Amino acid sequence: MFLGGRTQLEAAAEIEPTFVTVWMGNNDALGAITTPGMAGDASLLTDPTTFAGLYSEMMDDLDAIGSIDGGVLIGVVHVTSAPYLTQGRAWAGFEAQFDALTAPLNAFDVNANCLAFQALTATDTAWASVPFHHGAPLLASANAKIDSVQGGTLNPLDLVPVELDCSATDAVTVPELVNIITTITAFNAAIEAEADERGWVYVDPNALLRQLATDPDQIRPFPAFPGSAPPEVTLNSPFGTALSLDGLHPSASAHVTVANALIAAINAAYSTNIPAIN
């Protein structure tokens, strides 16, 4: 629709570009954390061999345009790092805060399996995780039970805690998380190989995200639910200032960070002097 019925490649060929940036592949993994009822399902991930073949075909089509002298290929974001997906251990920590606020009532329990993990490297660990679309409704249900007790419509003795179970269909177990990470790593290896083959620049966006995540105000380790943070945070940046309100897409400030990383990489590789964005 935006391109008047043309594909992106057809539109590119018409303007005979000399330089191209490509960022694709995120949606080949994103559904594995955002699809209700199927979070973690391997069928929602593009097969790495298929991905590599299609990406190579796309690059051959760009080469065939004939006018391109260089470019940048951007890797796939590790969607398991998006704050839309929250580690089970963070939910366990939140449960303690929630219980303290609602004592002596107990309306929310986090199952011990939410603390499951697997070491990936000396510095990286895969934790059982909970997509926002699964955890948020459970917390809302627990809040509703507290309100019912306090409003006199539910007997405290009849209060049954809502349980967050990280082995449930709509949670992401450790093996599922490892599979997603492994798949995206394979995607990025294929993208980097295509860049190397052509002498193009490869930029890994995950290094930028890790940098942003060191500041919990930019990427929050746990969503700012109403009552857990100041209203301006819960309304404007519940997942952090680097993320949009969906907990998945970069905010305006994060787009500037990505753009400046691209500018620095292009300047270094092609001896250009593109100014950074303020």
# chains A, B, ... in the order shown; residues from 1 in each chain; ligands from 1
>>> residues_around(residues="Ser129 of chain A", least_positions_apart="5", cutoff="6 Å", atoms="only C-alpha atoms", output="PyMOL selection string")
chain A and resi 86-88+172
>>> write_last_selection(atoms="N, CA and C atoms", output="mmCIF file, in the first residue's frame")
data_model
loop_
_atom_site.group_PDB
_atom_site.id
_atom_site.type_symbol
_atom_site.label_atom_id
_atom_site.label_comp_id
_atom_site.auth_asym_id
_atom_site.auth_seq_id
_atom_site.Cartn_x
_atom_site.Cartn_y
_atom_site.Cartn_z
ATOM 1 N N THR A 86 8.953 -10.684 30.704
ATOM 2 C CA THR A 86 9.557 -10.418 32.002
ATOM 3 C C THR A 86 10.000 -11.725 32.653
ATOM 4 N N GLN A 87 11.196 -11.731 33.186
ATOM 5 C CA GLN A 87 11.714 -12.935 33.829
ATOM 6 C C GLN A 87 10.860 -13.325 35.025
ATOM 7 N N GLY A 88 10.712 -14.642 35.205
ATOM 8 C CA GLY A 88 9.919 -15.144 36.321
ATOM 9 C C GLY A 88 10.451 -14.707 37.667
ATOM 10 N N VAL A 172 6.835 -18.752 28.903
ATOM 11 C CA VAL A 172 7.964 -19.227 28.098
ATOM 12 C C VAL A 172 8.923 -19.958 29.019
#
>>> select_by_dssp(residues="segment 148-224 of chain A", states="strand (DSSP E or B)", output="MDAnalysis selection string")
chainID A and resid 162:164 172 201:203
>>> atom_distance(atom1="atom CA of Leu45 of chain A", atom2="atom CA of Asn26 of chain A")
10.2 Å
>>> closest_atom_pairs(of="segment 27-94 of chain A", to="segment 244-250 of chain A", cutoff="10 Å", atoms="only C-alpha atoms", output="tab-separated table")
residue	atom	partner	partner_atom	distance
A:Leu30	CA	A:Leu248	CA	9.0
A:Thr34	CA	A:Leu248	CA	9.5
A:Val79	CA	A:Leu248	CA	8.0
A:Ser81	CA	A:Leu248	CA	9.4
A:Ala82	CA	A:Leu248	CA	5.8
A:Pro83	CA	A:Gly247	CA	5.5
A:Tyr84	CA	A:Gly247	CA	4.6
A:Leu85	CA	A:Gly247	CA	8.3
>>> residues_around(residues="segment 57-73 of chain A", least_positions_apart="4", cutoff="7 Å", atoms="only C-alpha atoms", output="PyMOL selection string")
chain A and resi 13+16-23+53+191+195+200-203
>>> select_by_dssp(residues="segment 11-236 of chain A", states="helix (DSSP H, G or I)", output="count of residues only")
119
>>> closest_residue(among="A:Ile184, A:Leu105, A:Val110, A:Ala39", to="Asp158 of chain A", atoms="only C-alpha atoms")
A:Leu105
>>> closest_residue(among="A:Ile219, A:Thr50, A:Leu177, A:Phe225", to="Leu243 of chain A", atoms="only C-alpha atoms")
A:Ile219
>>> closest_residue(among="A:Met1, A:Phe117, A:Pro131, A:Gly75", to="Thr169 of chain A", atoms="only C-alpha atoms")
A:Pro131
>>> decode(residues="segment 2-54 of chain A", atoms="C-alpha atoms", output="tab-separated table (two decimals), in the first residue's frame")
chain	number	residue	atom	x	y	z
A	2	PHE	CA	2.72	2.47	0.96
A	3	LEU	CA	4.78	1.62	-2.11
A	4	GLY	CA	1.96	1.69	-4.66
A	5	GLY	CA	1.82	-2.07	-5.10
A	6	ARG	CA	5.56	-2.45	-5.52
A	7	THR	CA	7.79	-4.58	-3.33
A	8	GLN	CA	10.54	-2.85	-1.38
A	9	LEU	CA	13.09	-4.27	-3.81
A	10	GLU	CA	11.15	-2.95	-6.81
A	11	ALA	CA	10.90	0.49	-5.20
A	12	ALA	CA	14.62	0.43	-4.43
A	13	ALA	CA	15.55	-0.55	-7.97
A	14	GLU	CA	13.60	2.39	-9.40
A	15	ILE	CA	15.74	4.96	-7.57
A	16	GLU	CA	19.05	3.20	-8.32
A	17	PRO	CA	20.47	3.56	-4.79
A	18	THR	CA	24.19	3.67	-4.14
A	19	PHE	CA	23.91	2.82	-0.43
A	20	VAL	CA	21.41	0.62	1.40
A	21	THR	CA	20.57	-0.18	5.01
A	22	VAL	CA	18.58	-3.33	5.74
A	23	TRP	CA	16.86	-4.21	9.01
A	24	MET	CA	14.64	-7.24	8.75
A	25	GLY	CA	14.07	-10.55	10.52
A	26	ASN	CA	12.60	-9.33	13.81
A	27	ASN	CA	9.14	-10.58	12.89
A	28	ASP	CA	10.60	-14.02	12.18
A	29	ALA	CA	10.90	-14.40	15.97
A	30	LEU	CA	8.61	-11.85	17.58
A	31	GLY	CA	5.49	-14.00	17.39
A	32	ALA	CA	7.12	-16.52	19.71
A	33	ILE	CA	6.60	-14.13	22.63
A	34	THR	CA	3.54	-12.13	21.53
A	35	THR	CA	1.08	-14.77	20.32
A	36	PRO	CA	-1.55	-15.46	23.02
A	37	GLY	CA	-1.84	-19.13	23.87
A	38	MET	CA	1.34	-20.04	21.95
A	39	ALA	CA	4.17	-18.15	23.65
A	40	GLY	CA	7.44	-20.02	23.23
A	41	ASP	CA	6.06	-22.28	20.49
A	42	ALA	CA	8.84	-23.28	18.10
A	43	SER	CA	6.42	-23.24	15.16
A	44	LEU	CA	6.30	-19.43	15.45
A	45	LEU	CA	10.00	-19.16	14.63
A	46	THR	CA	11.27	-19.17	11.06
A	47	ASP	CA	13.59	-22.10	10.49
A	48	PRO	CA	17.19	-20.74	10.49
A	49	THR	CA	18.07	-22.53	7.24
A	50	THR	CA	14.98	-21.11	5.55
A	51	PHE	CA	15.79	-17.67	6.95
A	52	ALA	CA	19.38	-17.80	5.67
A	53	GLY	CA	18.21	-18.87	2.21
A	54	LEU	CA	15.60	-16.13	1.91
